[in-house]
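upload30.pdb (PDB, C-alpha atoms)
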```pdb
ATOM      1  CA  MET A  92      48.361 -11.803  72.398
ATOM      2  CA  ASN A  93      45.702 -10.475  74.796
ATOM      3  CA  MET A  94      48.307 -10.281  77.549
ATOM      4  CA  MET A  95      50.551  -8.257  75.237
ATOM      5  CA  LEU A  96      47.727  -5.766  74.583
ATOM      6  CA  VAL A  97      47.101  -5.445  78.324
ATOM      7  CA  PHE A  98      50.801  -4.702  78.961
ATOM      8  CA  LEU A  99      50.857  -2.280  76.039
ATOM      9  CA  GLY A 100      47.742  -0.557  77.388
ATOM     10  CA  LEU A 101      49.255  -0.325  80.870
ATOM     11  CA  ALA A 102      52.493   1.051  79.439
ATOM     12  CA  ILE A 103      50.576   3.722  77.522
ATOM     13  CA  VAL A 104      48.543   4.665  80.620
ATOM     14  CA  ALA A 105      51.732   4.806  82.722
ATOM     15  CA  GLY A 106      53.449   6.935  80.070
ATOM     16  CA  VAL A 107      50.526   9.355  79.899
ATOM     17  CA  ALA A 108      50.435   9.553  83.715
ATOM     18  CA  LEU A 109      54.178  10.185  83.816
ATOM     19  CA  VAL A 110      53.894  12.994  81.270
ATOM     20  CA  ALA A 111      50.941  14.493  83.157
ATOM     21  CA  VAL A 112      52.832  14.439  86.472
ATOM     22  CA  TYR A 113      55.935  15.946  84.873
ATOM     23  CA  ASN A 114      53.905  18.720  83.225
ATOM     24  CA  LEU A 115      52.132  19.474  86.512
ATOM     25  CA  LEU A 116      55.486  19.752  88.287
ATOM     26  CA  VAL A 117      56.781  22.086  85.569
ATOM     27  CA  LYS A 118      53.645  24.228  85.844
ATOM     28  CA  ARG A 119      54.019  24.546  89.610
ATOM     29  CA  ARG A 120      57.731  25.323  89.346
ATOM     30  CA  GLN A 121      56.969  28.060  86.814
ATOM     31  CA  MET A 122      54.399  29.572  89.186
ATOM     32  CA  VAL A 123      57.054  29.666  91.911
ATOM     33  CA  ASN A 124      59.586  31.237  89.527
ATOM     34  CA  ASN A 125      57.002  33.802  88.423
ATOM     35  CA  GLY A 126      56.214  34.637  92.030
ATOM     36  CA  TRP A 127      59.894  35.088  92.862
ATOM     37  CA  SER A 128      60.329  37.335  89.847
ATOM     38  CA  ASP A 129      57.486  39.560  91.088
ATOM     39  CA  ILE A 130      59.079  39.779  94.536
ATOM     40  CA  ASP A 131      62.462  40.575  93.011
ATOM     41  CA  VAL A 132      61.021  43.415  90.918
ATOM     42  CA  GLN A 133      59.350  45.008  93.935
ATOM     43  CA  LEU A 134      62.417  44.607  96.145
ATOM     44  CA  LYS A 135      64.547  46.266  93.473
ATOM     45  CA  ARG A 136      62.011  49.093  93.277
ATOM     46  CA  ARG A 137      62.253  49.540  97.037
ATOM     47  CA  THR A 138      66.046  49.457  96.821
ATOM     48  CA  ASP A 139      65.920  52.196  94.180
ATOM     49  CA  LEU A 140      63.612  54.400  96.284
ATOM     50  CA  ILE A 141      65.755  54.250  99.404
ATOM     51  CA  PRO A 142      68.609  56.546  98.236
ATOM     52  CA  GLN A 143      66.093  59.185  97.166
ATOM     53  CA  LEU A 144      64.393  59.045 100.547
ATOM     54  CA  VAL A 145      67.714  59.158 102.417
ATOM     55  CA  THR A 146      68.872  62.130 100.362
ATOM     56  CA  THR A 147      65.651  63.997 101.091
ATOM     57  CA  VAL A 148      65.873  63.351 104.840
ATOM     58  CA  LYS A 149      69.616  64.189 104.893
ATOM     59  CA  GLY A 150      68.784  67.746 103.935
ATOM     60  CA  TYR A 151      66.837  68.153 107.178
ATOM     61  CA  ALA A 152      68.589  65.763 109.556
ATOM     62  CA  ALA A 153      72.253  65.687 108.555
ATOM     63  CA  HIS A 154      73.247  64.707 112.114
ATOM     64  CA  GLU A 155      71.687  61.236 111.604
ATOM     65  CA  ARG A 156      74.837  60.039 109.801
ATOM     66  CA  THR A 157      75.024  56.651 111.563
ATOM     67  CA  LEU A 158      71.440  55.887 110.541
ATOM     68  CA  PHE A 159      72.173  56.812 106.923
ATOM     69  CA  GLU A 160      75.308  54.657 106.953
ATOM     70  CA  GLU A 161      73.354  51.738 108.426
ATOM     71  CA  ILE A 162      70.720  52.061 105.701
ATOM     72  CA  VAL A 163      73.372  52.083 102.967
ATOM     73  CA  GLU A 164      75.065  49.032 104.515
ATOM     74  CA  LYS A 165      71.794  47.087 104.874
ATOM     75  CA  ARG A 166      70.651  48.116 101.377
ATOM     76  CA  ASN A 167      73.903  46.823  99.877
ATOM     77  CA  ALA A 168      73.574  43.565 101.837
ATOM     78  CA  ALA A 169      69.995  43.138 100.604
ATOM     79  CA  SER A 170      71.055  43.771  97.016
ATOM     80  CA  ALA A 171      73.858  41.222  97.342
ATOM     81  CA  ALA A 172      71.653  38.535  98.948
ATOM     82  CA  GLY A 173      70.644  37.165  95.552
ATOM     83  CA  ASP A 174      67.853  34.704  94.816
ATOM     84  CA  ASP A 175      67.978  32.577  97.964
ATOM     85  CA  PRO A 176      64.641  33.338  99.661
ATOM     86  CA  ALA A 177      65.964  32.709 103.185
ATOM     87  CA  ALA A 178      69.049  34.921 102.774
ATOM     88  CA  ARG A 179      67.116  37.600 100.917
ATOM     89  CA  GLY A 180      64.345  37.596 103.532
ATOM     90  CA  ALA A 181      66.841  38.032 106.355
ATOM     91  CA  ALA A 182      68.645  40.842 104.529
ATOM     92  CA  GLU A 183      65.394  42.625 103.648
ATOM     93  CA  SER A 184      64.179  42.297 107.254
ATOM     94  CA  ALA A 185      67.443  43.836 108.456
ATOM     95  CA  LEU A 186      66.919  46.731 106.031
ATOM     96  CA  SER A 187      63.345  47.322 107.220
ATOM     97  CA  ARG A 188      64.458  48.219 110.733
ATOM     98  CA  PRO A 189      66.628  51.271 109.895
ATOM     99  CA  MET A 190      64.076  52.331 107.267
ATOM    100  CA  ALA A 191      61.405  52.488 109.966
ATOM    101  CA  LYS A 192      63.810  54.614 112.040
ATOM    102  CA  LEU A 193      64.289  56.921 109.047
ATOM    103  CA  ILE A 194      60.557  57.478 108.751
ATOM    104  CA  ALA A 195      60.410  58.081 112.519
ATOM    105  CA  VAL A 196      63.201  60.687 112.236
ATOM    106  CA  ALA A 197      61.143  62.477 109.616
ATOM    107  CA  GLU A 198      58.329  62.816 112.158
ATOM    108  CA  ASP A 199      60.591  65.183 114.143
ATOM    109  CA  TYR A 200      60.825  67.642 111.243
ATOM    110  CA  PRO A 201      57.489  69.289 110.386
ATOM    111  CA  GLU A 202      58.927  71.014 107.313
ATOM    112  CA  LEU A 203      60.217  67.648 106.044
ATOM    113  CA  LYS A 204      56.858  65.977 106.684
ATOM    114  CA  ALA A 205      55.245  68.756 104.662
ATOM    115  CA  SER A 206      57.749  68.426 101.818
ATOM    116  CA  GLU A 207      56.008  67.309  98.653
ATOM    117  CA  ASN A 208      59.090  65.335  97.601
ATOM    118  CA  PHE A 209      59.249  63.476 100.915
ATOM    119  CA  LEU A 210      55.523  62.778 100.940
ATOM    120  CA  GLY A 211      55.681  61.441  97.384
ATOM    121  CA  LEU A 212      58.623  59.167  98.214
ATOM    122  CA  GLN A 213      56.957  57.986 101.409
ATOM    123  CA  THR A 214      53.776  57.172  99.462
ATOM    124  CA  GLU A 215      55.743  55.307  96.778
ATOM    125  CA  LEU A 216      57.610  53.355  99.443
ATOM    126  CA  ALA A 217      54.352  52.425 101.208
ATOM    127  CA  GLU A 218      52.813  51.309  97.910
ATOM    128  CA  THR A 219      55.927  49.267  97.134
ATOM    129  CA  GLU A 220      55.772  47.611 100.563
ATOM    130  CA  ASP A 221      52.147  46.655  99.824
ATOM    131  CA  LYS A 222      53.170  45.215  96.450
ATOM    132  CA  ILE A 223      55.987  43.255  98.107
ATOM    133  CA  GLU A 224      53.446  41.790 100.517
ATOM    134  CA  MET A 225      51.092  40.800  97.682
ATOM    135  CA  ALA A 226      53.957  39.263  95.685
ATOM    136  CA  ARG A 227      55.170  37.427  98.792
ATOM    137  CA  ARG A 228      51.730  35.936  99.355
ATOM    138  CA  PHE A 229      51.511  34.801  95.727
ATOM    139  CA  TYR A 230      55.013  33.315  95.847
ATOM    140  CA  ASN A 231      54.455  31.526  99.161
ATOM    141  CA  GLY A 232      51.156  30.132  97.855
ATOM    142  CA  ALA A 233      52.906  28.825  94.745
ATOM    143  CA  VAL A 234      55.675  27.330  96.919
ATOM    144  CA  ARG A 235      53.056  25.667  99.122
ATOM    145  CA  GLU A 236      51.371  24.132  96.058
ATOM    146  CA  LEU A 237      54.691  22.909  94.617
ATOM    147  CA  ASN A 238      55.950  21.528  97.927
ATOM    148  CA  THR A 239      52.641  19.779  98.613
ATOM    149  CA  LEU A 240      52.725  18.177  95.176
ATOM    150  CA  ILE A 241      56.358  17.106  95.557
ATOM    151  CA  GLU A 242      55.674  15.564  98.968
ATOM    152  CA  SER A 243      52.497  13.734  97.850
ATOM    153  CA  PHE A 244      52.496  10.077  96.874
ATOM    154  CA  PRO A 245      53.208   8.914  94.141
ATOM    155  CA  VAL A 246      54.601  12.202  92.814
ATOM    156  CA  ASN A 247      57.276  12.209  95.529
ATOM    157  CA  ILE A 248      58.788   9.095  93.940
ATOM    158  CA  LEU A 249      59.037  10.770  90.540
ATOM    159  CA  ALA A 250      59.823  14.376  91.553
ATOM    160  CA  GLY A 251      63.365  13.702  92.727
ATOM    161  CA  GLY A 252      64.142  11.739  89.596
ATOM    162  CA  PHE A 253      62.996  14.661  87.481
ATOM    163  CA  GLY A 254      65.111  17.110  89.509
ATOM    164  CA  PHE A 255      62.269  18.808  91.375
ATOM    165  CA  GLY A 256      62.874  19.741  94.990
ATOM    166  CA  ALA A 257      61.041  21.641  97.691
ATOM    167  CA  ARG A 258      61.457  25.408  97.642
ATOM    168  CA  ASP A 259      61.831  27.789 100.576
ATOM    169  CA  TYR A 260      59.152  30.246 101.581
ATOM    170  CA  PHE A 261      60.005  33.937 101.485
ATOM    171  CA  GLU A 262      59.624  35.473 104.907
ATOM    172  CA  ILE A 263      60.341  39.114 105.516
ATOM    173  CA  GLU A 264      59.839  40.985 108.723
ATOM    174  CA  ILE A 265      58.533  44.400 107.858
ATOM    175  CA  ALA A 266      59.403  46.739 110.687
ATOM    176  CA  ASP A 267      56.480  48.736 111.932
ATOM    177  CA  ARG A 268      56.130  51.873 109.927
ATOM    178  CA  ALA A 269      56.208  55.010 111.954
ATOM    179  CA  ALA A 270      52.560  55.939 111.991
ATOM    180  CA  PRO A 271      51.812  59.625 112.316
ATOM    181  CA  GLN A 272      50.282  60.616 115.600
ATOM    182  CA  ILE A 273      46.729  61.803 115.169
ATOM    183  CA  LYS A 274      45.507  64.119 117.863
ATOM    184  CA  LEU A 275      41.841  64.882 118.110
ATOM    185  CA  GLY A 276      40.613  68.255 119.275
ATOM    186  CA  ASP A 277      39.050  66.787 122.452
ATOM    187  CA  GLY A 278      42.419  66.218 124.146
ATOM    188  CA  SER A 279      42.785  62.555 123.152
TER     189      SER A 279
END
```
Would you mind giving the structure from this file in C-alpha cells?
Amino acid sequence: MNMMLVFLGLAIVAGVALVAVYNLLVKRRQMVNNGWSDIDVQLKRRTDLIPQLVTTVKGYAAHERTLFEEIVEKRNAASAAGDDPAARGAAESALSRPMAKLIAVAEDYPELKASENFLGLQTELAETEDKIEMARRFYNGAVRELNTLIESFPVNILAGGFGFGARDYFEIEIADRAAPQIKLGDGS
C-alpha cells in the first residue's frame, strides 16, 4: 500500500511537471508569435510608405526610372515573402538597398529635400525603421528564450513530442541611410 502511494505521488509530481513544462513552452511560443506579429505590422507600414515616397521623388527625379522599378520589384518580393523569417529578412534586406539609393537621390534635389511632404515621409520611414529594429530585437530575444528552452534537458525530450521546434531569428540588413552632409562654417 505504501509503495502504491509513492508511485501515485510520483505520477502526480510527474504530471504536474509535464503540465508546467508544456505551459512554459506555450508561453514562449506565444512570445515569439507576438514578436513576429509586431515585426509584420512595422514591415507592412514600411511597405505602405514606400509608394508615397517614390511618388514624391518621381516628381523631381523622373529620370531615375530604373531605381523606381527596382524598388517596386523588391517591395513586391518583400510583400510576397510571407512569414518565414529567413526569406522575409532576405527580401527586406534587398529592399533596403534601393531605398537607401532613393534617399541619396533626394539629396541631389534641394527643393525636394525642402518639401514638407518629402520630409514628413522621410521622418515616418525613419521612425518605422526604428520600430522594426525594436520589434526585431524583441522577436529575436523571444526566439532565443524559446530555442534555449527547447534545447535544454529534460525539456528537449518533451518539446518534440508536443510539436515544439526551434524558430529562426529574423535578420535584416538595413542599408545605410543617406545621412545629410553637415558643413560647418569653418571649412570642415
Glu236 (chain A): which residues within 12 Å, counting only C-alpha atoms, same-chain residues fewer than 6 positions away excluded, as a VMD selection string?
-> chain A and resid 115 to 123 229 to 230 242 to 243 257 to 260
Residues at most 10 Å from Gln143 (chain A), counting only C-alpha atoms, excluding those fewer than 6 positions away in the same chain, as a list in words?
->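 Answer for this query is Lys149, Asn208, Phe209 and Leu212 of chain A.
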Output the residue selection produced by the PyMOL selection byres ((chain A and resi 183-191) around 6) on the file above, formatted as a PDB file with C-alpha atoms, keeping the file's coordinate frame.
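Output (out.pdb):
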```pdb
ATOM      1  CA  ILE A 162      70.720  52.061 105.701  1.00  0.00           C
ATOM      2  CA  LYS A 165      71.794  47.087 104.874  1.00  0.00           C
ATOM      3  CA  ALA A 169      69.995  43.138 100.604  1.00  0.00           C
ATOM      4  CA  ARG A 179      67.116  37.600 100.917  1.00  0.00           C
ATOM      5  CA  GLY A 180      64.345  37.596 103.532  1.00  0.00           C
ATOM      6  CA  ALA A 181      66.841  38.032 106.355  1.00  0.00           C
ATOM      7  CA  ALA A 182      68.645  40.842 104.529  1.00  0.00           C
ATOM      8  CA  LYS A 192      63.810  54.614 112.040  1.00  0.00           C
ATOM      9  CA  LEU A 193      64.289  56.921 109.047  1.00  0.00           C
ATOM     10  CA  ILE A 194      60.557  57.478 108.751  1.00  0.00           C
ATOM     11  CA  ILE A 263      60.341  39.114 105.516  1.00  0.00           C
ATOM     12  CA  GLU A 264      59.839  40.985 108.723  1.00  0.00           C
ATOM     13  CA  ILE A 265      58.533  44.400 107.858  1.00  0.00           C
ATOM     14  CA  ALA A 266      59.403  46.739 110.687  1.00  0.00           C
ATOM     15  CA  ARG A 268      56.130  51.873 109.927  1.00  0.00           C
TER      16      ARG A 268
END
```
CA of Leu237 (chain A) to CA of Ala108 (chain A), straight-line distance in Å |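 Between CA of Ala108 (chain A) and CA of Leu237 (chain A) the gap works out to 17.8 Å.
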Could you work out how far CA of Glu164 (chain A) lies from CA of Val148 (chain A), giving the answer in Å with one decimal?
->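 We find that CA of Val148 (chain A) and CA of Glu164 (chain A) lie 17.0 Å from each other.
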Computed interatomic separation between CA of Ser206 (chain A) and CA of Phe159 (chain A) (Å) | 19.2 Å
Which residues fall under the PyMOL selection byres ((chain A and resi 126) around 9) in this file, as a ChimeraX atom specification?
-> /A:121-125,127-131,226-234
So which residues get picked by the PyMOL selection byres ((chain A and resi 215-222) around 8) here, written as a compact mmCIF listing (two decimals) with C-alpha atoms, keeping the file's coordinate frame?
```txt
# COMPACT_ATOMS: atom_id res chain seq x y z
CA GLN A 133 59.35 45.01 93.94
CA ARG A 136 62.01 49.09 93.28
CA ARG A 137 62.25 49.54 97.04
CA LEU A 140 63.61 54.40 96.28
CA GLY A 211 55.68 61.44 97.38
CA LEU A 212 58.62 59.17 98.21
CA GLN A 213 56.96 57.99 101.41
CA THR A 214 53.78 57.17 99.46
CA ILE A 223 55.99 43.26 98.11
CA GLU A 224 53.45 41.79 100.52
CA MET A 225 51.09 40.80 97.68
CA ALA A 226 53.96 39.26 95.68
```
Quick one: everything within 12 Å of Ala153 (chain A), counting all atoms listed in the file, minus sequence neighbours fewer than 6 positions away in the same chain. Send it as a VMD selection string.
-> chain A and resid 145 to 147 159 to 160 193 196 to 197 200
Give the padded box for region 129-135 of chain A as lines of an AutoDock Vina configuration file: axis-aligned, covering all atoms listed in the file, 8 Å on each side, centre and edge lengths in Å to one decimal.
```
center_x = 61.0
center_y = 42.9
center_z = 93.5
size_x = 23.1
size_y = 22.7
size_z = 21.2
```
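Between Asp199 (chain A) and the residues A:Leu249, A:Ala152, A:Ala178, A:Val104, the shortest atom-to-atom distance, using all atoms listed in the file, involves A:Ala152.
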Counting only C-alpha atoms, the residue of A:Tyr113, A:Phe261, A:Tyr151, A:Phe98 that sits nearest Ile248 (chain A) | A:Tyr113
N, CA and C atoms of region 143-169 of chain A from block above, as a compact mmCIF listing (two decimals), in the first residue's frame:
```txt
# COMPACT_ATOMS: atom_id res chain seq x y z
N GLN A 143 4.40 56.13 -51.53
CA GLN A 143 4.25 57.58 -51.32
C GLN A 143 5.58 58.30 -51.50
N LEU A 144 6.63 57.70 -50.95
CA LEU A 144 7.95 58.30 -51.06
C LEU A 144 8.43 58.28 -52.51
N VAL A 145 8.23 57.17 -53.20
CA VAL A 145 8.62 57.06 -54.60
C VAL A 145 7.88 58.08 -55.44
N THR A 146 6.59 58.22 -55.22
CA THR A 146 5.79 59.18 -55.98
C THR A 146 6.30 60.60 -55.75
N THR A 147 6.64 60.92 -54.54
CA THR A 147 7.14 62.26 -54.23
C THR A 147 8.46 62.51 -54.94
N VAL A 148 9.38 61.54 -54.90
CA VAL A 148 10.68 61.72 -55.53
C VAL A 148 10.54 61.73 -57.05
N LYS A 149 9.61 60.94 -57.60
CA LYS A 149 9.39 60.89 -59.05
C LYS A 149 9.12 62.27 -59.62
N GLY A 150 8.42 63.08 -58.88
CA GLY A 150 8.10 64.42 -59.36
C GLY A 150 9.34 65.27 -59.60
N TYR A 151 10.42 64.96 -58.92
CA TYR A 151 11.66 65.74 -59.05
C TYR A 151 12.72 65.02 -59.87
N ALA A 152 12.69 63.71 -59.85
CA ALA A 152 13.76 62.92 -60.48
C ALA A 152 13.17 61.82 -61.36
N ALA A 153 12.37 62.22 -62.33
CA ALA A 153 11.69 61.26 -63.20
C ALA A 153 12.67 60.38 -63.97
N HIS A 154 13.88 60.85 -64.19
CA HIS A 154 14.87 60.08 -64.96
C HIS A 154 15.42 58.87 -64.19
N GLU A 155 15.06 58.71 -62.94
CA GLU A 155 15.53 57.58 -62.12
C GLU A 155 14.61 56.36 -62.26
N ARG A 156 14.08 56.15 -63.45
CA ARG A 156 13.08 55.10 -63.67
C ARG A 156 13.57 53.71 -63.24
N THR A 157 14.82 53.35 -63.54
CA THR A 157 15.29 52.02 -63.17
C THR A 157 15.30 51.83 -61.66
N LEU A 158 15.64 52.89 -60.93
CA LEU A 158 15.62 52.81 -59.47
C LEU A 158 14.19 52.61 -58.97
N PHE A 159 13.25 53.34 -59.53
CA PHE A 159 11.85 53.20 -59.13
C PHE A 159 11.33 51.80 -59.43
N GLU A 160 11.71 51.28 -60.60
CA GLU A 160 11.29 49.92 -60.97
C GLU A 160 11.90 48.89 -60.03
N GLU A 161 13.16 49.09 -59.66
CA GLU A 161 13.82 48.17 -58.73
C GLU A 161 13.12 48.19 -57.37
N ILE A 162 12.74 49.37 -56.92
CA ILE A 162 12.05 49.48 -55.62
C ILE A 162 10.71 48.76 -55.67
N VAL A 163 9.96 48.95 -56.75
CA VAL A 163 8.67 48.27 -56.89
C VAL A 163 8.87 46.76 -56.90
N GLU A 164 9.86 46.29 -57.64
CA GLU A 164 10.14 44.85 -57.72
C GLU A 164 10.52 44.28 -56.34
N LYS A 165 11.41 44.97 -55.64
CA LYS A 165 11.87 44.49 -54.32
C LYS A 165 10.75 44.60 -53.29
N ARG A 166 9.92 45.63 -53.40
CA ARG A 166 8.78 45.78 -52.48
C ARG A 166 7.80 44.63 -52.67
N ASN A 167 7.51 44.29 -53.92
CA ASN A 167 6.60 43.18 -54.19
C ASN A 167 7.18 41.85 -53.69
N ALA A 168 8.49 41.67 -53.87
CA ALA A 168 9.14 40.44 -53.38
C ALA A 168 9.07 40.37 -51.85
N ALA A 169 9.27 41.50 -51.19
CA ALA A 169 9.20 41.53 -49.73
C ALA A 169 7.78 41.23 -49.25
```
